[in-house]
Every structure is written in C-alpha cells, then in structure tokens.
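Text of the file run-v8.txt, holding compact mmCIF, C-alpha atoms and all ligand atoms:
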# COMPACT_ATOMS: atom_id res chain seq x y z
CA MET A 1 3.81 26.17 44.29
CA ALA A 2 4.45 29.77 43.34
CA ALA A 3 1.38 31.69 42.38
CA GLU A 4 3.23 32.93 39.31
CA ASP A 5 3.69 29.38 38.10
CA GLY A 6 0.50 29.21 36.20
CA SER A 7 -2.99 30.57 36.25
CA ALA A 8 -5.76 28.79 38.07
CA GLU A 9 -7.05 27.86 34.68
CA ASP A 10 -3.83 26.00 33.80
CA ARG A 11 -4.08 23.97 36.97
CA TRP A 12 -7.71 23.23 36.31
CA VAL A 13 -6.74 21.81 32.92
CA ASP A 14 -4.07 19.65 34.55
CA ASP A 15 -6.35 18.37 37.29
CA HIS A 16 -9.22 17.50 35.05
CA ALA A 17 -7.48 15.72 32.27
CA GLY A 18 -9.59 16.16 29.19
CA PRO A 19 -9.30 14.27 25.93
CA VAL A 20 -5.98 15.92 25.05
CA VAL A 21 -4.24 14.90 28.25
CA ARG A 22 -6.00 11.61 28.64
CA PRO A 23 -3.51 9.30 26.85
CA TYR A 24 -0.74 10.81 28.93
CA ALA A 25 -2.67 10.06 32.11
CA MET A 26 -3.23 6.47 31.01
CA THR A 27 0.48 5.81 31.01
CA GLY A 28 1.05 7.68 34.25
CA GLY A 29 2.95 10.27 32.29
CA ARG A 30 5.49 7.77 31.02
CA ALA A 31 6.83 8.38 27.53
CA ARG A 32 8.72 5.09 27.15
CA PRO A 33 7.75 1.47 27.71
CA VAL A 34 9.32 -0.31 30.69
CA THR A 35 10.48 -3.01 28.33
CA GLY A 36 10.55 -3.78 24.63
CA THR A 37 10.64 -1.74 21.47
CA PHE A 38 7.47 -1.85 19.48
CA ASP A 39 7.63 -1.25 15.78
CA LEU A 40 4.40 -0.14 14.12
CA ILE A 41 4.16 -3.56 12.51
CA SER A 42 5.38 -5.68 15.39
CA LEU A 43 2.73 -8.35 15.81
CA VAL A 44 1.11 -8.83 19.19
CA MET A 45 -0.83 -11.77 20.57
CA ALA A 46 -2.27 -12.13 24.08
CA THR A 47 -0.99 -15.11 26.06
CA ARG A 48 -4.20 -15.39 28.08
CA SER A 49 -7.89 -15.08 27.40
CA ASP A 50 -8.36 -12.61 30.23
CA ALA A 51 -6.13 -10.41 32.38
CA GLY A 52 -8.94 -9.24 34.65
CA GLY A 53 -7.34 -10.60 37.85
CA GLU A 54 -4.09 -8.69 37.40
CA SER A 55 -3.67 -5.76 39.73
CA GLY A 56 -2.24 -2.49 38.55
CA LEU A 57 -3.65 -2.65 35.07
CA GLY A 58 -6.02 -0.07 33.67
CA PRO A 59 -8.97 -0.57 31.36
CA GLU A 60 -6.78 0.21 28.34
CA HIS A 61 -4.41 -2.63 29.25
CA LEU A 62 -7.36 -5.00 29.45
CA ALA A 63 -8.70 -3.67 26.17
CA ILE A 64 -5.40 -4.54 24.49
CA VAL A 65 -5.47 -8.06 25.92
CA ALA A 66 -9.03 -8.48 24.69
CA LEU A 67 -8.20 -7.15 21.23
CA CYS A 68 -5.08 -9.29 20.94
CA GLN A 69 -6.94 -12.55 21.34
CA ARG A 70 -6.51 -12.27 17.59
CA MET A 71 -3.09 -11.22 16.38
CA GLN A 72 -2.76 -7.47 15.77
CA SER A 73 0.04 -5.13 14.81
CA VAL A 74 0.93 -2.23 17.08
CA ALA A 75 -0.55 0.11 14.48
CA GLU A 76 -3.83 -1.82 14.45
CA ILE A 77 -4.08 -1.76 18.23
CA ALA A 78 -3.61 2.01 18.19
CA ALA A 79 -6.19 2.44 15.45
CA HIS A 80 -8.83 0.16 16.99
CA LEU A 81 -8.49 1.63 20.48
CA ASP A 82 -8.13 5.16 19.12
CA LEU A 83 -4.95 5.80 21.08
CA PRO A 84 -1.70 7.42 19.95
CA VAL A 85 0.98 4.92 19.03
CA GLY A 86 3.28 6.18 21.79
CA THR A 87 0.65 5.44 24.42
CA VAL A 88 0.08 1.95 23.04
CA ARG A 89 3.84 1.27 23.21
CA VAL A 90 3.93 2.15 26.90
CA LEU A 91 0.90 -0.02 27.66
CA LEU A 92 2.38 -2.92 25.69
CA GLY A 93 5.59 -2.63 27.70
CA ASP A 94 3.57 -3.12 30.88
CA LEU A 95 1.83 -6.15 29.40
CA MET A 96 5.05 -7.66 28.12
CA ALA A 97 6.69 -7.24 31.54
CA ARG A 98 3.87 -9.41 32.91
CA ASP A 99 4.07 -11.96 30.09
CA LEU A 100 0.53 -11.10 29.09
CA VAL A 101 1.45 -10.62 25.44
CA ARG A 102 3.87 -12.13 22.96
CA VAL A 103 5.43 -9.79 20.43
CA ARG A 104 7.08 -10.58 17.13
CA PRO A 105 9.26 -7.83 15.62
CA PRO A 106 8.92 -7.28 11.86
CA GLY A 107 10.91 -8.70 8.99
CA GLY A 108 12.06 -11.83 10.76
CA GLY A 109 14.00 -10.04 13.46
CA ALA A 110 16.81 -8.29 11.62
CA GLY A 111 14.26 -6.00 10.02
CA VAL A 112 15.48 -7.00 6.57
CA PRO A 113 13.47 -9.46 4.54
CA ASP A 114 15.13 -12.31 2.67
CA GLU A 115 14.44 -13.68 -0.77
CA SER A 116 11.77 -16.13 0.33
CA VAL A 117 9.76 -13.21 1.74
CA PHE A 118 9.76 -11.40 -1.62
CA GLU A 119 8.65 -14.53 -3.41
CA ALA A 120 5.90 -15.24 -0.91
CA VAL A 121 4.57 -11.68 -1.12
CA ILE A 122 4.61 -11.73 -4.92
CA ASN A 123 2.72 -15.02 -5.00
CA GLY A 124 0.26 -13.80 -2.39
CA LEU A 125 -0.42 -10.60 -4.33
CA ARG A 126 -0.91 -12.45 -7.61
CA ALA A 127 -3.58 -14.50 -5.89
CA LEU A 128 -5.53 -11.39 -4.87
CA MET B 129 -8.39 -18.03 40.38
CA ASP B 130 -5.61 -19.86 38.65
CA TYR B 131 -4.16 -16.95 36.73
CA GLY B 132 -0.79 -18.64 36.62
CA HIS B 133 -1.69 -21.13 33.97
CA SER B 134 -1.59 -19.80 30.48
CA GLU B 135 -3.36 -21.64 27.77
CA ARG B 136 -1.27 -20.55 24.89
CA ALA B 137 2.18 -19.61 26.11
CA ALA B 138 3.61 -23.11 26.13
CA GLY B 139 4.03 -24.55 22.68
CA ALA B 140 2.25 -21.59 21.15
CA PRO B 141 2.62 -21.39 17.38
CA SER B 142 5.08 -18.74 16.35
CA LEU B 143 3.59 -15.47 15.20
CA PRO B 144 3.79 -14.53 11.53
CA THR B 145 6.33 -12.14 10.13
CA ALA B 146 5.09 -8.70 9.14
CA VAL B 147 6.47 -6.67 6.25
CA LYS B 148 5.48 -3.27 4.99
CA ILE B 149 5.28 -1.21 1.86
CA LEU B 150 4.98 2.58 1.86
CA ILE B 151 2.57 4.51 -0.35
CA ALA B 152 3.88 8.03 -0.90
CA GLY B 153 3.06 11.01 -3.08
CA GLY B 154 1.56 14.45 -2.92
CA PHE B 155 -1.55 15.65 -1.17
CA GLY B 156 -4.74 14.06 -2.47
CA VAL B 157 -2.97 11.90 -5.04
CA GLY B 158 -4.87 8.75 -4.05
CA LYS B 159 -2.73 7.12 -1.35
CA THR B 160 -5.61 6.17 0.92
CA THR B 161 -7.69 5.07 -2.05
CA LEU B 162 -4.87 2.77 -3.18
CA VAL B 163 -4.50 1.24 0.29
CA GLY B 164 -8.27 0.70 0.50
CA ALA B 165 -8.41 -0.97 -2.91
CA VAL B 166 -6.34 -3.96 -1.79
CA SER B 167 -6.62 -3.99 2.01
CA GLU B 168 -8.68 -6.75 3.61
CA THR B 169 -9.98 -4.22 6.12
CA LYS B 170 -11.05 -0.69 5.40
CA PRO B 171 -8.04 1.61 5.79
CA LEU B 172 -7.28 2.21 9.45
CA ARG B 173 -5.83 5.40 10.84
CA THR B 174 -3.19 5.63 13.49
CA GLU B 175 -1.75 8.73 15.07
CA GLU B 176 1.62 9.62 16.45
CA VAL B 177 1.73 12.52 18.86
CA LEU B 178 5.02 14.29 18.52
CA THR B 179 6.71 16.80 20.69
CA GLU B 180 8.28 19.24 18.35
CA THR B 181 11.15 20.40 20.49
CA GLY B 182 14.46 19.38 19.04
CA VAL B 183 12.96 18.41 15.76
CA GLY B 184 14.57 21.25 13.92
CA ILE B 185 11.62 23.02 12.49
CA ASP B 186 13.05 26.31 11.32
CA ASP B 187 10.01 28.48 11.69
CA LEU B 188 9.53 27.34 15.26
CA SER B 189 13.14 27.79 16.32
CA GLY B 190 13.34 29.65 19.57
CA VAL B 191 9.96 28.42 20.68
CA GLU B 192 10.44 26.45 23.86
CA GLY B 193 8.12 24.01 25.50
CA LYS B 194 5.86 21.19 24.56
CA THR B 195 4.32 21.95 21.22
CA THR B 196 2.74 18.74 20.08
CA THR B 197 1.67 17.78 16.60
CA THR B 198 -0.38 14.83 15.56
CA VAL B 199 0.69 12.98 12.46
CA ALA B 200 -1.88 10.61 11.02
CA MET B 201 -1.06 7.58 8.92
CA ASP B 202 -3.53 5.46 7.00
CA PHE B 203 -2.76 1.81 6.58
CA GLY B 204 -4.20 -1.46 5.46
CA ARG B 205 -3.40 -5.13 5.75
CA ILE B 206 -3.12 -8.10 3.41
CA THR B 207 -2.69 -11.50 5.03
CA ILE B 208 -0.42 -13.34 2.62
CA SER B 209 -0.28 -16.64 4.53
CA ASP B 210 -0.21 -18.02 8.06
CA ASP B 211 3.42 -16.92 8.20
CA LEU B 212 3.32 -13.57 6.50
CA VAL B 213 1.31 -10.37 6.79
CA LEU B 214 1.79 -7.37 4.51
CA TYR B 215 0.98 -3.85 5.69
CA LEU B 216 0.58 -0.86 3.38
CA PHE B 217 1.21 2.55 4.94
CA GLY B 218 0.23 5.82 3.38
CA THR B 219 2.92 8.32 4.32
CA PRO B 220 1.93 11.62 5.89
CA GLY B 221 2.21 14.27 3.23
CA GLN B 222 3.84 17.19 4.92
CA ASP B 223 7.50 17.62 4.24
CA ARG B 224 8.28 18.54 7.80
CA PHE B 225 7.38 15.05 8.97
CA TRP B 226 10.45 13.41 7.46
CA PHE B 227 11.32 11.93 10.83
CA VAL B 228 8.04 10.01 10.77
CA TRP B 229 9.00 8.81 7.30
CA ASP B 230 12.30 7.58 8.71
CA GLU B 231 10.43 5.41 11.18
CA LEU B 232 8.08 4.17 8.48
CA ALA B 233 10.85 3.51 5.96
CA LEU B 234 12.93 1.50 8.41
CA GLY B 235 12.66 -2.10 7.31
CA ALA B 236 10.18 -1.32 4.51
CA ILE B 237 10.60 -3.68 1.57
CA GLY B 238 9.75 -0.94 -0.90
CA ALA B 239 7.64 2.07 -1.75
CA VAL B 240 5.11 3.21 -4.33
CA VAL B 241 5.31 6.87 -5.31
CA LEU B 242 1.94 7.93 -6.67
CA ALA B 243 2.05 10.71 -9.25
CA ASP B 244 -0.71 12.90 -10.66
CA THR B 245 0.27 14.27 -14.06
CA ARG B 246 -1.56 17.52 -13.31
CA ARG B 247 0.74 18.12 -10.35
CA LEU B 248 3.87 16.14 -11.05
CA ALA B 249 6.13 18.28 -8.88
CA ASP B 250 4.20 17.14 -5.80
CA CYS B 251 5.97 13.79 -5.91
CA PHE B 252 9.53 15.16 -6.21
CA PRO B 253 10.15 15.11 -2.43
CA SER B 254 9.06 11.46 -2.20
CA ILE B 255 11.31 10.44 -5.07
CA ASP B 256 14.25 12.35 -3.61
CA TYR B 257 13.66 10.72 -0.26
CA PHE B 258 13.60 7.12 -1.49
CA GLU B 259 16.49 7.66 -3.90
CA GLU B 260 18.62 9.08 -1.13
CA ARG B 261 17.65 6.37 1.29
CA GLY B 262 18.12 3.53 -1.17
CA THR B 263 14.59 2.23 -0.65
CA PRO B 264 13.45 0.40 -3.81
CA PHE B 265 10.47 2.21 -5.31
CA VAL B 266 8.24 2.38 -8.37
CA VAL B 267 6.38 5.39 -9.72
CA ALA B 268 2.69 4.76 -10.35
CA VAL B 269 0.93 7.40 -12.42
CA ASN B 270 -2.60 7.64 -11.10
CA CYS B 271 -4.91 8.37 -14.02
CA PHE B 272 -7.47 10.89 -12.88
CA ASP B 273 -10.51 11.57 -15.00
CA GLY B 274 -10.04 14.59 -17.20
CA ALA B 275 -6.26 14.64 -16.83
CA ARG B 276 -4.35 14.77 -20.10
CA GLN B 277 -2.85 11.36 -20.79
CA TYR B 278 0.93 11.45 -20.97
CA ARG B 279 3.19 8.71 -22.17
CA LEU B 280 5.23 7.08 -19.45
CA ASP B 281 8.50 8.15 -21.07
CA GLU B 282 7.32 11.77 -20.99
CA VAL B 283 6.63 11.45 -17.29
CA GLN B 284 9.95 9.73 -16.76
CA THR B 285 11.76 12.62 -18.41
CA ALA B 286 9.78 15.18 -16.48
CA LEU B 287 10.65 13.44 -13.22
CA ASN B 288 14.30 13.03 -14.26
CA LEU B 289 13.92 9.46 -13.16
CA ASP B 290 16.62 6.81 -13.28
CA PRO B 291 15.63 4.47 -16.13
CA GLY B 292 15.99 1.57 -13.69
CA VAL B 293 12.98 2.76 -11.71
CA PRO B 294 9.85 0.99 -12.99
CA MET B 295 6.92 3.16 -14.00
CA VAL B 296 3.34 2.05 -14.34
CA LEU B 297 -0.03 3.59 -15.02
CA CYS B 298 -2.66 2.82 -12.44
CA ASP B 299 -6.14 3.47 -11.21
CA ALA B 300 -5.84 3.58 -7.43
CA ARG B 301 -9.52 2.67 -7.09
CA ARG B 302 -9.17 -0.67 -8.85
CA ARG B 303 -7.92 -3.69 -6.98
CA GLU B 304 -6.34 -5.43 -9.99
CA SER B 305 -4.58 -2.25 -11.01
CA VAL B 306 -3.13 -1.74 -7.53
CA ARG B 307 -2.20 -5.41 -7.33
CA ASP B 308 -0.18 -5.02 -10.55
CA VAL B 309 1.59 -1.97 -9.14
CA LEU B 310 2.52 -3.89 -6.00
CA VAL B 311 3.75 -6.91 -7.95
CA THR B 312 5.91 -4.62 -10.09
CA LEU B 313 7.32 -3.08 -6.93
CA LEU B 314 8.04 -6.44 -5.31
CA GLU B 315 9.79 -7.76 -8.41
CA HIS B 316 11.89 -4.62 -8.56
CA ALA B 317 12.64 -4.78 -4.84
CA MET B 318 13.68 -8.41 -5.12
CA LYS B 319 16.06 -7.61 -7.99
CA THR B 320 17.52 -4.75 -6.00
CA TRP B 321 17.91 -7.01 -3.00
CA GLU B 322 19.62 -9.70 -5.08
CA ALA B 323 22.01 -7.17 -6.58
CA ARG B 324 22.95 -6.03 -3.08
CA HIS B 325 23.07 -9.40 -1.35
CA GLY B 326 23.49 -11.97 -4.09
CA GLY B 327 27.23 -11.44 -4.56
CA ILE B 328 26.76 -10.00 -8.03
CA GLU B 329 29.71 -7.66 -8.36
CA GLY B 330 29.46 -4.35 -10.14
N1 LIG A 401 -10.40 9.43 -11.10
C1 LIG A 401 -9.67 8.97 -10.12
N2 LIG A 401 -9.87 9.48 -8.88
C2 LIG A 401 -9.12 9.01 -7.87
C3 LIG A 401 -8.15 8.02 -8.08
N3 LIG A 401 -7.52 7.77 -6.90
C4 LIG A 401 -8.10 8.58 -6.00
N4 LIG A 401 -9.07 9.33 -6.56
C5 LIG A 401 -9.90 10.33 -5.86
O1 LIG A 401 -9.04 11.39 -5.42
C6 LIG A 401 -9.42 11.86 -4.14
C7 LIG A 401 -8.24 11.82 -3.16
O2 LIG A 401 -7.89 10.47 -2.90
P1 LIG A 401 -7.22 10.02 -1.51
O3 LIG A 401 -7.04 8.55 -1.62
O4 LIG A 401 -7.97 10.53 -0.34
O5 LIG A 401 -5.82 10.74 -1.59
P2 LIG A 401 -4.66 10.78 -0.49
O6 LIG A 401 -3.38 10.76 -1.22
O7 LIG A 401 -4.88 9.74 0.54
O8 LIG A 401 -4.92 12.21 0.14
P3 LIG A 401 -4.24 12.85 1.44
O9 LIG A 401 -4.10 11.75 2.45
O10 LIG A 401 -5.21 13.91 1.86
O11 LIG A 401 -2.93 13.42 0.98
C8 LIG A 401 -10.60 11.01 -3.71
O12 LIG A 401 -11.77 11.71 -3.97
C9 LIG A 401 -10.50 9.77 -4.58
O13 LIG A 401 -11.76 9.20 -4.82
C10 LIG A 401 -7.98 7.48 -9.41
O14 LIG A 401 -7.16 6.61 -9.67
N5 LIG A 401 -8.78 8.00 -10.38
MG MG A 402 -4.91 9.92 2.66

Hey, can you dump this file as structure tokens for me?
Ligand SMILES: Nc1nc2c(ncn2[C@@H]2O[C@H](COP(=O)(O)OP(=O)(O)OP(=O)(O)O)[C@@H](O)[C@H]2O)c(=O)[nH]1
Ligand SMILES: [Mg+2]
Amino acid sequence: MAAEDGSAEDRWVDDHAGPVVRPYAMTGGRARPVTGTFDLISLVMATRSDAGGESGLGPEHLAIVALCQRMQSVAEIAAHLDLPVGTVRVLLGDLMARDLVRVRPPGGGAGVPDESVFEAVINGLRAL
Amino acid sequence: MDYGHSERAAGAPSLPTAVKILIAGGFGVGKTTLVGAVSETKPLRTEEVLTETGVGIDDLSGVEGKTTTTVAMDFGRITISDDLVLYLFGTPGQDRFWFVWDELALGAIGAVVLADTRRLADCFPSIDYFEERGTPFVVAVNCFDGARQYRLDEVQTALNLDPGVPMVLCDARRRESVRDVLVTLLEHAMKTWEARHGGIEG
C-alpha cells in the first residue's frame, strides 16, 4: 500500500467503478470463462424460464437467461445487453457451468460447413 | 422452489447451426448499409475490448500497461430455416485490427469485398487478406451516385484480381441487389469447397 503506488484519484477511480470499469467488475475481474469457448456466432438457449433462485448470479447473468428464452448468438447477447463480448463470454461460462444455458458452436462443430449447408444457404437467400 | 426440474433440457430440440459471411472494404464503402439491406433485424453492434499489449502495434512499442481499444462490429442475421442461421459481419476497417479479422474469418464460409470506384485502393488490404487466407470472396462494386461508371473488367484489371474471383455491381441499399451478391458468393464458395474437398485433383 505504498503511497507512491498511485494518486488518491487513481484509487477513487478503482473504488467507484464507473462505466469504463463496470464490465470488468461484473465478471469479478475474470478475463476468461470458467468453462466453454464461445464463438461470436455460437448459439445460446436458456434451459430454464427463470434463474432467479440461483445464488451467486448477478443481474447480468439473469438478463442473459431472460434474453436467451429465444435463441441468440453470443454477438447478439453482447449487442442487446450492451456489454463487451469478452464480458459476455465470462458470464456465459458461469451459466454453462450451472447448466442454465445450452450452447451450439458454429458450423456444425468442426467450424467448417459441408455441401448441404451451402445449398441450404443459397436456397434460403434466393427466397429472400 | 423446485429449481431442479428443467422444462426444456430433456429432449430439447437441437439448436440450429450458425454460419457467417464477412462484409469487408474500406471506410464508408457501404458495409453496414449492405448488412441492413438483408438483415431481418436492424444491424446490431457488438464491441470487443482489447488490451493492446503484445499485439505488436509498432507505434506503441515500448508502451507498457493496459491500453485498451474498443473494436466495433456491425452484424445482421438471416434465419434460413429451423436448422440454419446466417450472420453477416461488417469487418472493422482499421488495418491494425487484423487479429479481430482472424477471429471473424475463422469458420466464415466466405466474404464480400465492397469496392468504391472512387477509392479503389481502399479495398486492397481486404483482398490481400482473403487471398492470403484462402477465404472464398467476391468483389462487389458499390455504385455510388455521381461516381463514374467503370466496366467490371476495368475494375478487375485495376485490382489485379484473379479472374476466378467473381465480380458484381451492386447497390448496397437494395435488398435484391445484396441478395444477388450473396448468392454469387455462396455459389463461388461452394465451388471452392468442392475443389478442395471433392477429390478433384489438380
Ligand atoms: N448511392 C449510394 N450510397 C450508398 C450505397 N451504400 C451506402 N451508401 C451510403 O454511403 C454512406 C456510408 O455507408 P455505410 O454503410 O455506413 O458504410 P460502412 O462501410 O459501414 O462505413 P464504416 O463502417 O464507417 O467504414 C451512407 O451514407 C450510405 O447511405 C450505395 O450503394 N449507393
Ligand atoms: Mg459501418
């Protein structure tokens, strides 16, 4: 706790996490999810209608569960909740560890589409 | 209080597969407009907060500590079927965010490089990137009002483009025009995929 370590103003900023620090505080400072890798287009669906009784979850966790009553990609969750993608990944890891969400990685798992995917996308686009 | 029972976990239908296409090109070339023209939602914006240490940004070398940068990406969604969802991602323009491109390009089925004939050079970095990476792409020339109309072969020459790369004219504001660009891309991507996986030698 050396006095040289930072000005009082620096500590004030740390103690009163403003908008810039807020996402970091939400994850308890964690940069990585406890489990899972979450691609931007991994699809997420809640397994329950409500996670309100779970202890240890913050309002952002509950907001994700509420949002994912309808399937959403990781990118959509981040956009709708106005959170950085990295923060959403950490929160999703917490939810996945509790089986509160199901997650489907993109491109059928291997990340590489097969021929049927191309055909389906082409047909879908033509119908636009 | 029975939180243990879950309504949907057992026998839940499997989630759809998601695929993505990247929309690249220079600053202000119409990437977000293109995404919005075909997306079923208005384009959404997501942000990645990056710590720049170790990223290898020359002009910051020697600067220690947690410099963070926010990179924004616009994207849209097209639900193809119950099994398949397509996402379109506009790539962040700045060249120094290549590492974000790497994440975006991973698993992408293809890319559209938007070109503005008034500023053709702006799309060189995107073309170089996808060529090098082997990501199938098409070049879509966005026809801005008041821009001199060039023939596609003139643009192709100016871009020094492999003749195998499809080129199309488009209006990024029009849904049918963007749809045609995407169909051209998908057909090209499928051919590329078949050539790589279909056992066609040489
Ligand atoms: N005439 C014409 N104008 C267009 C077309 N596409 C986009 N614009 C206009 O060009 C401007 C820039 O379009 P954006 O879609 O924001 O471009 P962008 O590539 O997303 O821009 P950045 O994300 O800032 O790099 C907007 O004012 C659009 O309305 C087009 O096909 N024709
Ligand atoms: Mg844009």

Counting only C-alpha atoms, the option among A:Thr37, A:Ser55, A:Asn123, A:Thr27 closest to chain B
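Looking only at the distances to chain B, the closest residue turns out to be A:Asn123.
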
Quick one: which residues from chain A are at most 7 Å off chain B, using only C-alpha atoms, as a list of chain:residue names?
A:Ile41, A:Ser42, A:Thr47, A:Arg48, A:Ala75, A:Ala78, A:Ala79, A:Pro84, A:Val85, A:Gly86, A:Arg104, A:Pro106, A:Gly107, A:Gly108, A:Gly111, A:Val112, A:Glu115, A:Phe118, A:Val121, A:Ile122, A:Gly124, A:Leu125

Taking all atoms listed in the file into account, list the residues no farther than 9 Å from ligand LIG 401 (chain A), as an MDAnalysis selection string.
chainID B and resid 151:164 200:202 218:222 242 269:275 298:302

What's the separation between CA of Gly58 (chain A) and CA of Thr197 (chain B), in Å to one decimal place?
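A separation of 25.9 Å between them.
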
Rounded to one decimal in Å, what is the spacing between CA of Leu128 (chain A) and CA of Asp210 (chain B)?
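The value is 15.5 Å.
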